[in-house]
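Please read the structure below before turning to the comments.
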Amino acid sequence: MAEHSDSATAETFEQPTEFAFDSASRAEMATILAKYPAGRQASGVLPLLYVVQRQMKRATGSAWVPRVAMDAVARELGMPPIRVYEVATFYLMYNTKPVGKYHLQLCTTTPCWLRGSDEVVAACRKATGIKGWHETSDDGLFTMTEVECVGACVNAPILQVNDDFYEDMDAALTAELIAALRRGEPPPRGSMTGRLNSAPAGGPTTLTTLDSHPAE
Ligand code: FES
């Protein structure tokens, strides 16, 4: 392992000097690439970067895409490495530096903001000690990232942890969630207020007399 400076920030972090797809990733890649016509495999660059990110999570506990892995994706797809770098650095979903075990992705776009995302952000900062965006807590457990609408506005505000959405958040629920994650006991994803999917918060207001399990 060699230490490199991340030229985009003043921070330094270790970039691995080598990367090889493991057998689970190889199996995933075969399924993904089979979806594309011959000669069009480069279109698989997005899912292959996710394959890398998941493998890094399995191997190191941190879901990110090192530069050597971008090179490996480029070789796999027969495309210039710079084109993979462009994709990996454009989309926020790819972490180009290590993140904590729990990646807290906080939506602060208008619907979530109107429903109290500022309080959720403040509660995350208070519970983790993280001051800025893209920072990781001293214990390495949490990284906070501000994200744009994640498409779940109906249950705003949303706090995404790794790949899971926690919905209908407020300050108290956020503090409870962070404490549970710290204990290694992530609660079931979804609404944290008990709302059924995206039904009205107070329960159904129409079709209330329908039997949800009609007799055969
Ligand atoms: S604005 Fe937050 S999920 Fe849409």
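As shown in the structure tokens, the chain order sets the letters A, B, ...; within each chain, residues go from 1, and ligands are also counted from 1 in the order they appear.
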Query raised in the report: Could you pull the residues within 12 Å of segment 137-146 of chain A, counting only C-alpha atoms, minus those fewer than 2 positions along the same chain, as a ChimeraX atom specification?
Result: /A:61-64,92-95,97-109,112-113,117-118,120-135,148-150,158-162,178-179,181-184
Please save C-alpha atoms of the selected residues as a compact mmCIF listing (two decimals), in the first residue's frame.
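The result, written out as out.txt:
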# COMPACT_ATOMS: atom_id res chain seq x y z
CA GLY A 61 -15.47 -2.22 5.24
CA SER A 62 -15.32 1.01 3.22
CA ALA A 63 -17.35 1.35 0.03
CA TRP A 64 -15.18 3.29 -2.38
CA LEU A 92 -21.80 11.42 -6.48
CA MET A 93 -22.80 7.79 -5.91
CA TYR A 94 -19.20 6.68 -6.41
CA ASN A 95 -16.90 7.40 -3.52
CA LYS A 97 -11.95 8.22 -1.34
CA PRO A 98 -12.61 5.96 1.66
CA VAL A 99 -15.83 6.45 3.62
CA GLY A 100 -16.88 5.27 7.06
CA LYS A 101 -18.67 2.01 7.76
CA TYR A 102 -21.93 3.94 7.65
CA HIS A 103 -22.15 6.49 4.85
CA LEU A 104 -24.77 9.04 5.91
CA GLN A 105 -26.20 10.65 2.78
CA LEU A 106 -28.42 13.54 3.75
CA CYS A 107 -30.93 14.90 1.29
CA THR A 108 -31.35 18.65 1.72
CA THR A 109 -33.27 19.43 -1.47
CA CYS A 112 -36.69 17.39 2.52
CA TRP A 113 -35.64 20.89 3.63
CA SER A 117 -33.68 18.19 6.91
CA ASP A 118 -31.75 20.96 8.72
CA VAL A 120 -31.59 15.89 10.70
CA VAL A 121 -28.24 17.31 9.57
CA ALA A 122 -27.71 18.97 12.96
CA ALA A 123 -28.58 15.74 14.79
CA CYS A 124 -26.09 13.79 12.66
CA ARG A 125 -23.37 16.34 13.42
CA LYS A 126 -24.13 16.24 17.12
CA ALA A 127 -24.18 12.43 17.29
CA THR A 128 -21.05 11.85 15.19
CA GLY A 129 -18.91 14.91 15.88
CA ILE A 130 -18.56 15.51 12.13
CA LYS A 131 -18.33 19.20 11.25
CA GLY A 132 -18.19 19.42 7.45
CA TRP A 133 -19.44 17.50 4.44
CA HIS A 134 -17.42 14.55 3.13
CA GLU A 135 -15.78 14.18 6.53
CA GLU A 148 -29.66 16.08 -3.94
CA CYS A 149 -33.15 14.57 -4.13
CA VAL A 150 -32.93 10.78 -3.82
CA ILE A 158 -34.67 11.13 3.94
CA LEU A 159 -31.43 9.96 5.47
CA GLN A 160 -29.77 7.32 3.30
CA VAL A 161 -27.34 5.03 5.14
CA ASN A 162 -25.15 3.05 2.72
CA ILE A 178 -27.10 6.77 14.89
CA ALA A 179 -27.02 5.11 18.32
CA LEU A 181 -25.81 1.95 14.05
CA ARG A 182 -23.07 2.52 16.60
CA ARG A 183 -24.25 -0.63 18.40
CA GLY A 184 -24.17 -2.49 15.08
**Report entry** DSSP alpha helix (DSSP H) residues within segment 62-150 of chain A, listed as a PyMOL selection string
**Finding:** chain A and resi 67-77+81-90+110-114+117-128
Save out the residues we just selected, C-alpha atoms, as a PDB file, in the first residue's frame.
ATOM      1  CA  ARG A  67      -7.945   4.568  -8.904  1.00  0.00           C
ATOM      2  CA  VAL A  68      -6.351   1.170  -9.595  1.00  0.00           C
ATOM      3  CA  ALA A  69      -9.849  -0.312  -9.632  1.00  0.00           C
ATOM      4  CA  MET A  70     -10.931   2.281 -12.205  1.00  0.00           C
ATOM      5  CA  ASP A  71      -7.969   1.104 -14.281  1.00  0.00           C
ATOM      6  CA  ALA A  72      -9.124  -2.493 -13.840  1.00  0.00           C
ATOM      7  CA  VAL A  73     -12.620  -1.549 -15.046  1.00  0.00           C
ATOM      8  CA  ALA A  74     -11.079   0.205 -18.056  1.00  0.00           C
ATOM      9  CA  ARG A  75      -9.076  -2.901 -18.933  1.00  0.00           C
ATOM     10  CA  GLU A  76     -12.141  -5.105 -18.520  1.00  0.00           C
ATOM     11  CA  LEU A  77     -14.203  -2.913 -20.849  1.00  0.00           C
ATOM     12  CA  PRO A  81      -8.839   4.832 -18.195  1.00  0.00           C
ATOM     13  CA  ILE A  82      -9.606   8.562 -18.461  1.00  0.00           C
ATOM     14  CA  ARG A  83     -13.157   7.749 -19.578  1.00  0.00           C
ATOM     15  CA  VAL A  84     -13.686   5.648 -16.453  1.00  0.00           C
ATOM     16  CA  TYR A  85     -12.171   8.411 -14.280  1.00  0.00           C
ATOM     17  CA  GLU A  86     -14.606  10.900 -15.850  1.00  0.00           C
ATOM     18  CA  VAL A  87     -17.600   8.740 -14.973  1.00  0.00           C
ATOM     19  CA  ALA A  88     -16.419   7.846 -11.470  1.00  0.00           C
ATOM     20  CA  THR A  89     -15.706  11.463 -10.537  1.00  0.00           C
ATOM     21  CA  PHE A  90     -18.890  12.863 -12.115  1.00  0.00           C
ATOM     22  CA  THR A 110     -36.455  21.505  -1.136  1.00  0.00           C
ATOM     23  CA  PRO A 111     -39.047  18.861  -0.091  1.00  0.00           C
ATOM     24  CA  CYS A 112     -36.693  17.390   2.516  1.00  0.00           C
ATOM     25  CA  TRP A 113     -35.636  20.887   3.632  1.00  0.00           C
ATOM     26  CA  LEU A 114     -39.273  21.937   4.059  1.00  0.00           C
ATOM     27  CA  SER A 117     -33.677  18.193   6.914  1.00  0.00           C
ATOM     28  CA  ASP A 118     -31.749  20.957   8.725  1.00  0.00           C
ATOM     29  CA  GLU A 119     -32.654  19.292  12.037  1.00  0.00           C
ATOM     30  CA  VAL A 120     -31.592  15.891  10.695  1.00  0.00           C
ATOM     31  CA  VAL A 121     -28.243  17.311   9.572  1.00  0.00           C
ATOM     32  CA  ALA A 122     -27.707  18.974  12.962  1.00  0.00           C
ATOM     33  CA  ALA A 123     -28.585  15.744  14.786  1.00  0.00           C
ATOM     34  CA  CYS A 124     -26.090  13.788  12.664  1.00  0.00           C
ATOM     35  CA  ARG A 125     -23.368  16.336  13.417  1.00  0.00           C
ATOM     36  CA  LYS A 126     -24.131  16.235  17.120  1.00  0.00           C
ATOM     37  CA  ALA A 127     -24.176  12.427  17.292  1.00  0.00           C
ATOM     38  CA  THR A 128     -21.053  11.850  15.195  1.00  0.00           C
TER      39      THR A 128
END
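Nearest-residue note for ligand 1: choosing from A:Leu177, A:Val147, A:Leu49, A:Met79, the minimum distance belongs to A:Val147, counting only C-alpha atoms and all ligand atoms.
Nearest residue to Pro66 of chain A among A:Met29, A:Thr17, A:Tyr91, A:Gln41 is A:Thr17, counting only C-alpha atoms.
Pairwise distance (atom CA of Arg195 of chain A, atom CA of Asp168 of chain A) equals 8.5 Å.
Of the listed residues A:Glu185, A:Ala152, A:Phe165, A:Gly190, the one whose atoms come nearest to ligand 1 is A:Ala152, with distances taken using only C-alpha atoms and all ligand atoms.
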